[in-house]
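All remarks here apply to the structure that follows.
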Amino acid sequence: MDRGILVTIEGIDGAGKTTQSKAVVRWLKKNGYVAKYTNEPTSFGVGRLLNKLGSTASPALEALLFAADRIEHVRRVIEPGLKKGYVIVSDRYVHSSIAYQGAMLGDVEWVRTINKFVPKPDVAFLLDVEPELALSRIKKPRSRFERLELLKAVRKVYLDMAAAGELMLLDGSKPPSQVTEELLAKLRPFLPDPKGKEP
Ligand code: TYD
């Protein structure tokens, strides 16, 4: 069986990642693909610990825990799915750590290093929005990372990665259905033949 592909959706809090990731998975399933939505931080042990620590954790500890949670995510969800030929759509992945923990620590290279043993995404998207717009979309803050100054710094790291060709840039301020269409148009060339449509 052909190996699946790993698609990741990135952006600051309030960019619309969850809406878009789920819309993409719905489209894929409707069009004959086996597809799965997944997200980080996970609800496995380390992911739960991350939530429990809240703002008491130091940025370096958080960086290590996000990386550890990701290793668990790969072992339990991503790798088994890829082996079964799934298109795995992950709402946040390595680039979230590079952007958030990289911005907080001022050392993106160290964050890359502690994440070097997980597979690279086949394609990674950046849903870009101005932090002011993103925060206005969040009615009830849920995360300690949802602060204007931090999100500005995080967005800058994301945009640098998009400029370097690591992330595909999408304008997340457009209406959601239009963003989905643009995302799917950019994703299509990466998709294998859909199941059931193969000869
Ligand atoms: P988020 O996607 O908002 O999860 P949920 O919708 O379940 O609340 O992620 C929670 C926060 O974690 C978010 O503010 C970004 C942060 N985060 C990092 O700082 N580094 C990471 O590597 C990941 C995966 C998330």
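By convention in this document, the chains of the structure tokens carry letters A, B, ... by their order, each chain's residues are numbered from 1, and ligands are numbered from 1 in the order they are shown.
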
Counting only C-alpha atoms and all ligand atoms, what are the residues of chain A within 8 Å of ligand 1, and for each of them which pair of atoms is the nearest and at what distance in Å, to one decimal? Sort the table by chain and rising number, as CSV.
residue,atom,partner,partner_atom_place_in_ligand_line,distance
A:Ile12,CA,ligand 1,15 (C),7.2
A:Asp13,CA,ligand 1,3 (O),5.6
A:Gly14,CA,ligand 1,3 (O),7.8
A:Lys17,CA,ligand 1,2 (O),7.8
A:Thr18,CA,ligand 1,6 (O),7.3
A:Asn39,CA,ligand 1,2 (O),7.3
A:Glu40,CA,ligand 1,24 (C),4.5
A:Pro41,CA,ligand 1,24 (C),4.7
A:Glu62,CA,ligand 1,19 (O),7.6
A:Ala63,CA,ligand 1,20 (N),7.0
A:Phe66,CA,ligand 1,22 (O),4.9
A:Ala67,CA,ligand 1,22 (O),6.9
A:Arg70,CA,ligand 1,24 (C),7.8
A:Asp91,CA,ligand 1,2 (O),6.8
A:Arg92,CA,ligand 1,24 (C),5.3
A:Tyr93,CA,ligand 1,24 (C),5.5
A:Val94,CA,ligand 1,22 (O),6.1
A:His95,CA,ligand 1,22 (O),7.1
A:Ser96,CA,ligand 1,22 (O),4.4
A:Ser97,CA,ligand 1,22 (O),3.4
A:Ile98,CA,ligand 1,22 (O),7.2
A:Ala99,CA,ligand 1,20 (N),7.5
A:Tyr100,CA,ligand 1,19 (O),4.6
A:Gln101,CA,ligand 1,19 (O),5.8
A:Arg142,CA,ligand 1,8 (O),6.0
A:Ser143,CA,ligand 1,14 (O),5.0
A:Arg144,CA,ligand 1,14 (O),6.4
A:Phe145,CA,ligand 1,14 (O),4.4
A:Glu146,CA,ligand 1,14 (O),5.9

Notebook entry, point to check: Do you know which residues are at most 9 Å from range 74-85 of chain A counting only C-alpha atoms, after dropping those on the same chain fewer than 4 positions away, and could you put them as a ChimeraX atom specification?
Noted result: /A:1-6,34-36,38,69-70,90,118-119

Just write the chosen residues, N, CA and C atoms, as a PDB file, in the first residue's frame.
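Wrote result01.pdb, looks like this:
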ATOM      1  N   MET A   1       0.841  -1.210   0.000  1.00  0.00           N
ATOM      2  CA  MET A   1       0.000   0.000   0.000  1.00  0.00           C
ATOM      3  C   MET A   1       0.873   1.255   0.000  1.00  0.00           C
ATOM      4  N   ASP A   2       0.422   2.265  -0.746  1.00  0.00           N
ATOM      5  CA  ASP A   2       1.202   3.508  -0.777  1.00  0.00           C
ATOM      6  C   ASP A   2       1.133   4.213   0.565  1.00  0.00           C
ATOM      7  N   ARG A   3       2.249   4.855   0.900  1.00  0.00           N
ATOM      8  CA  ARG A   3       2.291   5.626   2.132  1.00  0.00           C
ATOM      9  C   ARG A   3       1.427   6.880   1.981  1.00  0.00           C
ATOM     10  N   GLY A   4       0.777   7.285   3.079  1.00  0.00           N
ATOM     11  CA  GLY A   4      -0.035   8.500   3.040  1.00  0.00           C
ATOM     12  C   GLY A   4       0.827   9.751   3.067  1.00  0.00           C
ATOM     13  N   ILE A   5       0.183  10.886   3.240  1.00  0.00           N
ATOM     14  CA  ILE A   5       0.963  12.122   3.350  1.00  0.00           C
ATOM     15  C   ILE A   5       0.536  12.899   4.599  1.00  0.00           C
ATOM     16  N   LEU A   6       1.491  13.700   5.081  1.00  0.00           N
ATOM     17  CA  LEU A   6       1.252  14.511   6.279  1.00  0.00           C
ATOM     18  C   LEU A   6       1.132  15.983   5.878  1.00  0.00           C
ATOM     19  N   VAL A  34      -8.831   8.468   2.109  1.00  0.00           N
ATOM     20  CA  VAL A  34      -8.903   8.178   3.535  1.00  0.00           C
ATOM     21  C   VAL A  34      -8.130   9.299   4.218  1.00  0.00           C
ATOM     22  N   ALA A  35      -8.797   9.995   5.123  1.00  0.00           N
ATOM     23  CA  ALA A  35      -8.184  11.184   5.721  1.00  0.00           C
ATOM     24  C   ALA A  35      -8.515  11.240   7.197  1.00  0.00           C
ATOM     25  N   LYS A  36      -7.631  11.881   7.947  1.00  0.00           N
ATOM     26  CA  LYS A  36      -7.859  11.976   9.392  1.00  0.00           C
ATOM     27  C   LYS A  36      -7.410  13.335   9.915  1.00  0.00           C
ATOM     28  N   THR A  38      -6.159  15.528  13.073  1.00  0.00           N
ATOM     29  CA  THR A  38      -5.517  15.340  14.369  1.00  0.00           C
ATOM     30  C   THR A  38      -4.946  16.688  14.809  1.00  0.00           C
ATOM     31  N   ASP A  69       5.625  15.636  23.410  1.00  0.00           N
ATOM     32  CA  ASP A  69       4.232  15.341  23.044  1.00  0.00           C
ATOM     33  C   ASP A  69       4.147  14.969  21.563  1.00  0.00           C
ATOM     34  N   ARG A  70       4.949  15.646  20.763  1.00  0.00           N
ATOM     35  CA  ARG A  70       4.935  15.395  19.312  1.00  0.00           C
ATOM     36  C   ARG A  70       5.463  13.999  18.989  1.00  0.00           C
ATOM     37  N   SER A  90      -2.820  17.659  10.289  1.00  0.00           N
ATOM     38  CA  SER A  90      -2.533  18.010  11.682  1.00  0.00           C
ATOM     39  C   SER A  90      -2.677  19.516  11.907  1.00  0.00           C
ATOM     40  N   VAL A 118      11.328  13.812  14.409  1.00  0.00           N
ATOM     41  CA  VAL A 118       9.978  13.526  13.905  1.00  0.00           C
ATOM     42  C   VAL A 118       9.947  13.803  12.402  1.00  0.00           C
ATOM     43  N   PRO A 119       9.065  13.093  11.658  1.00  0.00           N
ATOM     44  CA  PRO A 119       9.048  13.288  10.197  1.00  0.00           C
ATOM     45  C   PRO A 119       8.639  14.705   9.817  1.00  0.00           C
TER      46      PRO A 119
END

Contact check, range 3-85 of chain A to range 171-191 of chain A, at most 8 Å, counting only C-alpha atoms, closest pairs as a tab-separated table:
residue	atom	partner	partner_atom	distance
A:Ile5	CA	A:Leu191	CA	7.6
A:Ala15	CA	A:Gly172	CA	6.1
A:Gly16	CA	A:Gly172	CA	7.0
A:Thr19	CA	A:Pro176	CA	7.9
A:Gln20	CA	A:Thr180	CA	6.1
A:Ala23	CA	A:Thr180	CA	6.9
A:Val24	CA	A:Thr180	CA	7.0

Serialized selection, C-alpha atoms, as a PDB file, in the first residue's frame:
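Result file selection.pdb:
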ATOM      1  CA  ILE A   5       0.963  12.122   3.350  1.00  0.00           C
ATOM      2  CA  ALA A  15      -6.167  32.231  12.610  1.00  0.00           C
ATOM      3  CA  GLY A  16      -8.834  29.621  11.837  1.00  0.00           C
ATOM      4  CA  THR A  19     -12.050  25.265  10.977  1.00  0.00           C
ATOM      5  CA  GLN A  20      -9.803  24.897   7.937  1.00  0.00           C
ATOM      6  CA  ALA A  23     -13.008  21.477   6.208  1.00  0.00           C
ATOM      7  CA  VAL A  24     -10.059  19.948   4.352  1.00  0.00           C
TER       8      VAL A  24
END

Next item on the list: From a DSSP calculation on the backbone, collect every residue of range 9-162 of chain A in helix (DSSP H, G or I) and output the set as a ChimeraX atom specification.
Entry: /A:17-30,45-56,59-83,94-105,108-114,131-137,148-162

Next item on the list: Please report, as JSON, numbers by chain, each residue of range 11-114 of chain A to which DSSP assigns strand (DSSP E) when run on this structure's backbone.
Entry: {"A": [35, 36, 37, 38, 39, 87, 88, 89, 90, 91]}

Convert the current residue selection to file output with C-alpha atoms, as a PDB file, in the first residue's frame.
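Produced file part.pdb, reproduced below:
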ATOM      1  CA  ALA A  35      -8.184  11.184   5.721  1.00  0.00           C
ATOM      2  CA  LYS A  36      -7.859  11.976   9.392  1.00  0.00           C
ATOM      3  CA  TYR A  37      -7.935  15.168  11.459  1.00  0.00           C
ATOM      4  CA  THR A  38      -5.517  15.340  14.369  1.00  0.00           C
ATOM      5  CA  ASN A  39      -4.120  18.134  16.519  1.00  0.00           C
ATOM      6  CA  VAL A  87      -3.870  11.836   4.390  1.00  0.00           C
ATOM      7  CA  ILE A  88      -3.199  13.064   7.923  1.00  0.00           C
ATOM      8  CA  VAL A  89      -4.163  16.691   8.529  1.00  0.00           C
ATOM      9  CA  SER A  90      -2.533  18.010  11.682  1.00  0.00           C
ATOM     10  CA  ASP A  91      -3.829  21.192  13.289  1.00  0.00           C
TER      11      ASP A  91
END

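Across the model, the gap from CA of Lys120 in chain A to CA of Lys30 in chain A is 26.3 Å.
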
Notebook entry, point to check: In terms of the shortest atom-to-atom distance over only C-alpha atoms, which of A:Pro59, A:Ala68, A:Asn31, A:Gly102 is closest to Tyr158 in chain A?
Noted result: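 Smallest distance to Tyr158 in chain A is found for A:Gly102.
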
Margin query: At a cut-off of 10 Å, using only C-alpha atoms, what residues contact Ser43 in chain A? Leave out same-chain residues fewer than 6 positions from it and give the result as a list in words.
Written below: Leu49, Leu50, Asn51, Asp69 and His73 of chain A

Output of the above residues as a compact mmCIF listing (two decimals), in the first residue's frame, restricted to C-alpha atoms:
# COMPACT_ATOMS: atom_id res chain seq x y z
CA LEU A 49 0.83 17.61 31.52
CA LEU A 50 1.36 20.69 29.34
CA ASN A 51 -2.17 21.86 30.06
CA ASP A 69 4.23 15.34 23.04
CA HIS A 73 1.69 12.01 18.51

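In terms of minimum interatomic distance to Leu127 in chain A, A:Leu169 ranks closest within A:Ala103, A:Leu169, A:Leu53, A:Leu65, counting only C-alpha atoms.
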
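Taking CA of Phe125 in chain A and CA of Thr8 in chain A as endpoints, the distance between them is 6.2 Å.
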
Next item on the list: Please indicate the distance in Å from CA of Ala163 in chain A to CA of Leu135 in chain A, rounded to one decimal place.
Entry: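 CA of Ala163 in chain A sits 23.8 Å away from CA of Leu135 in chain A.
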
Item checked: From A:Val123, A:Val108, A:Ile114, A:Ala134, residue lying nearest Asp160 in chain A [only C-alpha atoms] ->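 Ranking A:Val123, A:Val108, A:Ile114, A:Ala134 by distance to Asp160 in chain A, first place goes to A:Val108.
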
Checklist line | Shell of 10 Å around Leu148 in chain A, only C-alpha atoms, local chain residues under 4 positions omitted, as a list in words | finding: Glu130, Pro131, Glu132, Ala134, Leu135, Lys152, Ala153 and Val154 of chain A

Item checked: Distance criterion (only C-alpha atoms): nearest to Val157 in chain A out of A:Ser21, A:Thr42, A:Gly11, A:Glu72 -> A:Gly11
